[in-house]
Amino acid sequence: GNSVTQMEGPVTLSEEAFLTINCTYTATGYPSLFWYVQYPGEGLQLLLKATKADDKGSNKGFEATYRKETTSFHLEKGSVQVSDSAVYFCALSGRRDSSYKLIFGSGTRLLVRP
Amino acid sequence: DSGVTQTPKHLITATGQRVTLRCSPRSGDLSVYWYQQSLDQGLQFLIQYYNGEERAKGNILERFSAQQFPDLHSELNLSSLELGDSALYFCASSARLAGNTDTQYFGPGTRLTVL
């Protein structure tokens with residue numbers, strides 16, 4: 001079945017460092033891919049998405065490119081801020097059993113130090 | 001603010017009890033999804049409704065049930081509660097045309113604690 005694998009956290013970085021959080025997926029067909037972010041004590045917010053191969057999603061300085069050949073959707077940011085500290089979830093959505101449910105990775109906690 | 005509302009925000013109850021979690025989707029969204037977030041299982045899909053009808057089931061226990069009403073709000077009913085049911089329960093909604101390109105917008109969640 002469909003699945004998402006994320007790198008284990010926590011990831012600890014200094015402010016202004018470069019961020020990469022790896023995400024790979026297994027899916028049949030042509031899924032859409034998402035990154036959601038969960039700040040402490042809050043719900044999930046969509047960070048970015050890509051709906052077909054080679055699409056690049058971007059938002060708030062974060063980027064991820066849908067790579068079908070490597071089945072990956074790695075999240076990157078050139079310069080992180082303390083306010084980016086949160087848990088990041090990679091997810092996919094593809095029709096299965098008449099549902100477009102999201103399948104999530106295990107989440108990666110990011111801690112950015114001043 | 002995603003536009004999805006969930007009540008209550010926190011719920012503390014005892015084993016064996018029954019609770020109801022409520023979700024109001026974004027205006028115009030017909031699809032409602034329920035997810036459970038727990039430390040050991042991560043984020044798991046429970047059930048989906050589309051325009052009042054059950055669309056898909058995931059890892060939802062038989063003690064749990066849900067429904068979507070004509071005004072499109074949804075309720076998740078959890079009965080015979082066990083300690084292991086303690087988790088954060090999220091509701092999400094998506095746009096009129098259900099498809100895998102649609103974004104699901106999440107509510108703030110209901111934190112259930114079973115003592």
# chains A, B, ... in the order shown; residues from 1 in each chain; ligands from 1
>>> closest_atom_pairs(of="chain B", to="chain A", cutoff="12 Å", atoms="only C-alpha atoms", output="JSON lines")
{"residue": "B:Asp1", "atom": "CA", "partner": "A:Gln45", "partner_atom": "CA", "distance": 9.0}
{"residue": "B:Ser2", "atom": "CA", "partner": "A:Gln45", "partner_atom": "CA", "distance": 7.8}
{"residue": "B:Gly3", "atom": "CA", "partner": "A:Gln45", "partner_atom": "CA", "distance": 11.4}
{"residue": "B:Val4", "atom": "CA", "partner": "A:Gly43", "partner_atom": "CA", "distance": 10.5}
{"residue": "B:Thr5", "atom": "CA", "partner": "A:Gly43", "partner_atom": "CA", "distance": 10.8}
{"residue": "B:Gln6", "atom": "CA", "partner": "A:Gly43", "partner_atom": "CA", "distance": 10.6}
{"residue": "B:Lys9", "atom": "CA", "partner": "A:Glu42", "partner_atom": "CA", "distance": 10.6}
{"residue": "B:His10", "atom": "CA", "partner": "A:Gly41", "partner_atom": "CA", "distance": 11.6}
{"residue": "B:Ser31", "atom": "CA", "partner": "A:Tyr100", "partner_atom": "CA", "distance": 9.8}
{"residue": "B:Val32", "atom": "CA", "partner": "A:Lys101", "partner_atom": "CA", "distance": 10.0}
{"residue": "B:Tyr33", "atom": "CA", "partner": "A:Lys101", "partner_atom": "CA", "distance": 7.4}
{"residue": "B:Trp34", "atom": "CA", "partner": "A:Lys101", "partner_atom": "CA", "distance": 9.4}
{"residue": "B:Tyr35", "atom": "CA", "partner": "A:Leu102", "partner_atom": "CA", "distance": 9.2}
{"residue": "B:Gln36", "atom": "CA", "partner": "A:Phe104", "partner_atom": "CA", "distance": 11.3}
{"residue": "B:Gln37", "atom": "CA", "partner": "A:Ser106", "partner_atom": "CA", "distance": 10.3}
{"residue": "B:Ser38", "atom": "CA", "partner": "A:Ser106", "partner_atom": "CA", "distance": 10.6}
{"residue": "B:Leu39", "atom": "CA", "partner": "A:Ser106", "partner_atom": "CA", "distance": 9.7}
{"residue": "B:Asp40", "atom": "CA", "partner": "A:Ser106", "partner_atom": "CA", "distance": 9.8}
{"residue": "B:Gln41", "atom": "CA", "partner": "A:Ser106", "partner_atom": "CA", "distance": 8.6}
{"residue": "B:Gly42", "atom": "CA", "partner": "A:Ser106", "partner_atom": "CA", "distance": 5.9}
{"residue": "B:Leu43", "atom": "CA", "partner": "A:Phe104", "partner_atom": "CA", "distance": 6.3}
{"residue": "B:Gln44", "atom": "CA", "partner": "A:Ile103", "partner_atom": "CA", "distance": 7.3}
{"residue": "B:Phe45", "atom": "CA", "partner": "A:Lys101", "partner_atom": "CA", "distance": 6.8}
{"residue": "B:Leu46", "atom": "CA", "partner": "A:Lys101", "partner_atom": "CA", "distance": 9.2}
{"residue": "B:Ile47", "atom": "CA", "partner": "A:Lys101", "partner_atom": "CA", "distance": 8.6}
{"residue": "B:Gln48", "atom": "CA", "partner": "A:Ser99", "partner_atom": "CA", "distance": 7.4}
{"residue": "B:Tyr49", "atom": "CA", "partner": "A:Ser99", "partner_atom": "CA", "distance": 9.3}
{"residue": "B:Tyr50", "atom": "CA", "partner": "A:Ser99", "partner_atom": "CA", "distance": 9.5}
{"residue": "B:Glu54", "atom": "CA", "partner": "A:Ser99", "partner_atom": "CA", "distance": 10.0}
{"residue": "B:Arg55", "atom": "CA", "partner": "A:Ser99", "partner_atom": "CA", "distance": 6.4}
{"residue": "B:Ala56", "atom": "CA", "partner": "A:Ser99", "partner_atom": "CA", "distance": 5.6}
{"residue": "B:Lys57", "atom": "CA", "partner": "A:Ser99", "partner_atom": "CA", "distance": 8.5}
{"residue": "B:Gly58", "atom": "CA", "partner": "A:Lys101", "partner_atom": "CA", "distance": 8.8}
{"residue": "B:Asn59", "atom": "CA", "partner": "A:Lys101", "partner_atom": "CA", "distance": 11.8}
{"residue": "B:Leu88", "atom": "CA", "partner": "A:Gly43", "partner_atom": "CA", "distance": 9.4}
{"residue": "B:Tyr89", "atom": "CA", "partner": "A:Gly43", "partner_atom": "CA", "distance": 9.8}
{"residue": "B:Phe90", "atom": "CA", "partner": "A:Gly43", "partner_atom": "CA", "distance": 7.7}
{"residue": "B:Cys91", "atom": "CA", "partner": "A:Gly43", "partner_atom": "CA", "distance": 9.7}
{"residue": "B:Ala92", "atom": "CA", "partner": "A:Leu44", "partner_atom": "CA", "distance": 9.4}
{"residue": "B:Ser93", "atom": "CA", "partner": "A:Lys101", "partner_atom": "CA", "distance": 10.6}
{"residue": "B:Ser94", "atom": "CA", "partner": "A:Tyr100", "partner_atom": "CA", "distance": 9.8}
{"residue": "B:Ala95", "atom": "CA", "partner": "A:Tyr100", "partner_atom": "CA", "distance": 11.7}
{"residue": "B:Leu97", "atom": "CA", "partner": "A:Tyr100", "partner_atom": "CA", "distance": 11.0}
{"residue": "B:Ala98", "atom": "CA", "partner": "A:Tyr100", "partner_atom": "CA", "distance": 7.3}
{"residue": "B:Gly99", "atom": "CA", "partner": "A:Tyr100", "partner_atom": "CA", "distance": 6.2}
{"residue": "B:Asn100", "atom": "CA", "partner": "A:Ser93", "partner_atom": "CA", "distance": 5.3}
{"residue": "B:Thr101", "atom": "CA", "partner": "A:Thr51", "partner_atom": "CA", "distance": 5.8}
{"residue": "B:Asp102", "atom": "CA", "partner": "A:Tyr100", "partner_atom": "CA", "distance": 8.6}
{"residue": "B:Thr103", "atom": "CA", "partner": "A:Leu46", "partner_atom": "CA", "distance": 7.9}
{"residue": "B:Gln104", "atom": "CA", "partner": "A:Leu46", "partner_atom": "CA", "distance": 8.0}
{"residue": "B:Tyr105", "atom": "CA", "partner": "A:Gln45", "partner_atom": "CA", "distance": 7.3}
{"residue": "B:Phe106", "atom": "CA", "partner": "A:Leu44", "partner_atom": "CA", "distance": 5.8}
{"residue": "B:Gly107", "atom": "CA", "partner": "A:Gly43", "partner_atom": "CA", "distance": 6.2}
{"residue": "B:Pro108", "atom": "CA", "partner": "A:Gly43", "partner_atom": "CA", "distance": 4.3}
{"residue": "B:Gly109", "atom": "CA", "partner": "A:Gly43", "partner_atom": "CA", "distance": 6.0}
{"residue": "B:Thr110", "atom": "CA", "partner": "A:Gly43", "partner_atom": "CA", "distance": 9.5}
{"residue": "B:Arg111", "atom": "CA", "partner": "A:Gly41", "partner_atom": "CA", "distance": 10.1}
>>> select_by_dssp(residues="chain A", states="strand (DSSP E)", output="number ranges by chain")
A: 3-6, 11-14, 19-21, 23-26, 32-38, 44-50, 56-59, 62-65, 75-77, 86-93, 102-104, 108-113
>>> residues_around(residues="Pro10 (chain A)", least_positions_apart="5", cutoff="8 Å", atoms="only C-alpha atoms", output="MDAnalysis selection string")
chainID A and resid 108:111
>>> write_last_selection(atoms="N, CA and C atoms", output="mmCIF file, in the first residue's frame")
data_model
loop_
_atom_site.group_PDB
_atom_site.id
_atom_site.type_symbol
_atom_site.label_atom_id
_atom_site.label_comp_id
_atom_site.auth_asym_id
_atom_site.auth_seq_id
_atom_site.Cartn_x
_atom_site.Cartn_y
_atom_site.Cartn_z
ATOM 1 N N THR A 108 8.923 15.027 11.685
ATOM 2 C CA THR A 108 10.294 15.375 12.043
ATOM 3 C C THR A 108 10.263 16.655 12.860
ATOM 4 N N ARG A 109 10.772 16.569 14.076
ATOM 5 C CA ARG A 109 10.801 17.767 14.934
ATOM 6 C C ARG A 109 12.031 18.594 14.604
ATOM 7 N N LEU A 110 11.806 19.869 14.370
ATOM 8 C CA LEU A 110 12.894 20.814 14.093
ATOM 9 C C LEU A 110 13.016 21.775 15.261
ATOM 10 N N LEU A 111 14.238 21.922 15.765
ATOM 11 C CA LEU A 111 14.520 22.878 16.823
ATOM 12 C C LEU A 111 15.589 23.836 16.303
#
>>> atom_distance(atom1="CA of Ser86 (chain B)", atom2="CA of Val4 (chain A)")
24.3 Å
>>> residues_around(residues="region 79-83 of chain A", least_positions_apart="2", cutoff="6 Å", atoms="only C-alpha atoms", output="PyMOL selection string")
chain A and resi 15-18+77+85+112
>>> write_last_selection(atoms="N, CA, C and O atoms", output="JSON list (two decimals), in the first residue's frame")
[["chain", "number", "residue", "atom", "x", "y", "z"],
["A", 15, "GLU", "N", 20.20, 29.28, 14.06],
["A", 15, "GLU", "CA", 19.50, 30.24, 13.21],
["A", 15, "GLU", "C", 20.33, 30.56, 11.97],
["A", 15, "GLU", "O", 21.56, 30.65, 12.04],
["A", 16, "GLU", "N", 19.66, 30.71, 10.83],
["A", 16, "GLU", "CA", 20.24, 31.00, 9.51],
["A", 16, "GLU", "C", 20.91, 29.79, 8.86],
["A", 16, "GLU", "O", 21.46, 29.93, 7.76],
["A", 17, "ALA", "N", 20.85, 28.63, 9.47],
["A", 17, "ALA", "CA", 21.41, 27.43, 8.84],
["A", 17, "ALA", "C", 20.47, 26.93, 7.74],
["A", 17, "ALA", "O", 19.30, 27.31, 7.67],
["A", 18, "PHE", "N", 21.03, 26.06, 6.88],
["A", 18, "PHE", "CA", 20.25, 25.45, 5.79],
["A", 18, "PHE", "C", 19.54, 24.21, 6.32],
["A", 18, "PHE", "O", 20.11, 23.42, 7.05],
["A", 77, "LYS", "N", 14.95, 24.70, 3.24],
["A", 77, "LYS", "CA", 14.86, 26.14, 3.48],
["A", 77, "LYS", "C", 16.27, 26.67, 3.61],
["A", 77, "LYS", "O", 17.10, 26.06, 4.30],
["A", 85, "SER", "N", 10.74, 26.51, 14.43],
["A", 85, "SER", "CA", 10.75, 25.34, 15.32],
["A", 85, "SER", "C", 9.33, 24.76, 15.39],
["A", 85, "SER", "O", 8.39, 25.46, 15.77],
["A", 112, "VAL", "N", 15.25, 25.11, 16.27],
["A", 112, "VAL", "CA", 16.21, 26.12, 15.80],
["A", 112, "VAL", "C", 16.64, 26.96, 16.99],
["A", 112, "VAL", "O", 15.80, 27.55, 17.69]]
>>> atom_distance(atom1="CA of Ala87 (chain B)", atom2="CA of Thr113 (chain B)")
6.8 Å
>>> residues_around(residues="Lys60 (chain A)", least_positions_apart="2", cutoff="10 Å", atoms="only C-alpha atoms", output="list in words")
Leu47, Leu48, Ser58, Phe62, Glu63, Lys77 and Asp84 of chain A
>>> write_last_selection(atoms="all heavy atoms", output="PDB file, in the first residue's frame")
ATOM      1  N   LEU A  47       1.831  23.612   4.604  1.00  0.00           N
ATOM      2  CA  LEU A  47       2.987  24.437   4.311  1.00  0.00           C
ATOM      3  C   LEU A  47       3.144  24.600   2.799  1.00  0.00           C
ATOM      4  O   LEU A  47       3.292  25.707   2.294  1.00  0.00           O
ATOM      5  CB  LEU A  47       4.243  23.800   4.904  1.00  0.00           C
ATOM      6  CG  LEU A  47       5.540  24.561   4.786  1.00  0.00           C
ATOM      7  CD1 LEU A  47       5.445  25.933   5.419  1.00  0.00           C
ATOM      8  CD2 LEU A  47       6.696  23.765   5.412  1.00  0.00           C
ATOM      9  N   LEU A  48       3.102  23.472   2.077  1.00  0.00           N
ATOM     10  CA  LEU A  48       3.184  23.522   0.629  1.00  0.00           C
ATOM     11  C   LEU A  48       2.728  22.201   0.052  1.00  0.00           C
ATOM     12  O   LEU A  48       2.614  21.215   0.768  1.00  0.00           O
ATOM     13  CB  LEU A  48       4.605  23.861   0.158  1.00  0.00           C
ATOM     14  CG  LEU A  48       5.759  23.019   0.686  1.00  0.00           C
ATOM     15  CD1 LEU A  48       5.930  21.749  -0.109  1.00  0.00           C
ATOM     16  CD2 LEU A  48       7.064  23.812   0.672  1.00  0.00           C
ATOM     17  N   SER A  58       6.211  25.843  -2.881  1.00  0.00           N
ATOM     18  CA  SER A  58       6.999  26.776  -2.082  1.00  0.00           C
ATOM     19  C   SER A  58       6.075  27.662  -1.257  1.00  0.00           C
ATOM     20  O   SER A  58       4.950  27.980  -1.669  1.00  0.00           O
ATOM     21  CB  SER A  58       7.902  27.627  -2.973  1.00  0.00           C
ATOM     22  OG  SER A  58       7.121  28.390  -3.869  1.00  0.00           O
ATOM     23  N   PHE A  62      10.201  28.015   2.322  1.00  0.00           N
ATOM     24  CA  PHE A  62      10.339  26.560   2.211  1.00  0.00           C
ATOM     25  C   PHE A  62      10.051  26.116   0.776  1.00  0.00           C
ATOM     26  O   PHE A  62       9.200  26.690   0.107  1.00  0.00           O
ATOM     27  CB  PHE A  62       9.363  25.847   3.154  1.00  0.00           C
ATOM     28  CG  PHE A  62       9.675  25.995   4.607  1.00  0.00           C
ATOM     29  CD1 PHE A  62       9.149  27.048   5.334  1.00  0.00           C
ATOM     30  CD2 PHE A  62      10.485  25.074   5.255  1.00  0.00           C
ATOM     31  CE1 PHE A  62       9.421  27.197   6.677  1.00  0.00           C
ATOM     32  CE2 PHE A  62      10.763  25.206   6.605  1.00  0.00           C
ATOM     33  CZ  PHE A  62      10.235  26.270   7.314  1.00  0.00           C
ATOM     34  N   GLU A  63      10.762  25.073   0.338  1.00  0.00           N
ATOM     35  CA  GLU A  63      10.548  24.526  -0.993  1.00  0.00           C
ATOM     36  C   GLU A  63      10.631  23.009  -0.945  1.00  0.00           C
ATOM     37  O   GLU A  63      11.346  22.450  -0.102  1.00  0.00           O
ATOM     38  CB  GLU A  63      11.637  25.007  -1.960  1.00  0.00           C
ATOM     39  CG  GLU A  63      11.603  26.464  -2.287  1.00  0.00           C
ATOM     40  CD  GLU A  63      12.687  26.821  -3.304  1.00  0.00           C
ATOM     41  OE1 GLU A  63      13.647  26.041  -3.459  1.00  0.00           O
ATOM     42  OE2 GLU A  63      12.563  27.881  -3.929  1.00  0.00           O
ATOM     43  N   LYS A  77      14.951  24.696   3.235  1.00  0.00           N
ATOM     44  CA  LYS A  77      14.860  26.139   3.477  1.00  0.00           C
ATOM     45  C   LYS A  77      16.270  26.666   3.606  1.00  0.00           C
ATOM     46  O   LYS A  77      17.103  26.060   4.299  1.00  0.00           O
ATOM     47  CB  LYS A  77      14.051  26.464   4.734  1.00  0.00           C
ATOM     48  CG  LYS A  77      13.798  27.971   4.899  1.00  0.00           C
ATOM     49  CD  LYS A  77      12.937  28.302   6.086  1.00  0.00           C
ATOM     50  CE  LYS A  77      12.625  29.801   6.096  1.00  0.00           C
ATOM     51  NZ  LYS A  77      11.867  30.239   7.291  1.00  0.00           N
ATOM     52  N   ASP A  84      10.679  28.863  13.133  1.00  0.00           N
ATOM     53  CA  ASP A  84      10.407  27.666  12.326  1.00  0.00           C
ATOM     54  C   ASP A  84      10.410  26.393  13.178  1.00  0.00           C
ATOM     55  O   ASP A  84      10.108  25.309  12.662  1.00  0.00           O
ATOM     56  CB  ASP A  84      11.459  27.514  11.221  1.00  0.00           C
ATOM     57  CG  ASP A  84      11.385  28.622  10.191  1.00  0.00           C
ATOM     58  OD1 ASP A  84      10.264  29.109   9.917  1.00  0.00           O
ATOM     59  OD2 ASP A  84      12.444  29.007   9.658  1.00  0.00           O
TER      60      ASP A  84
END
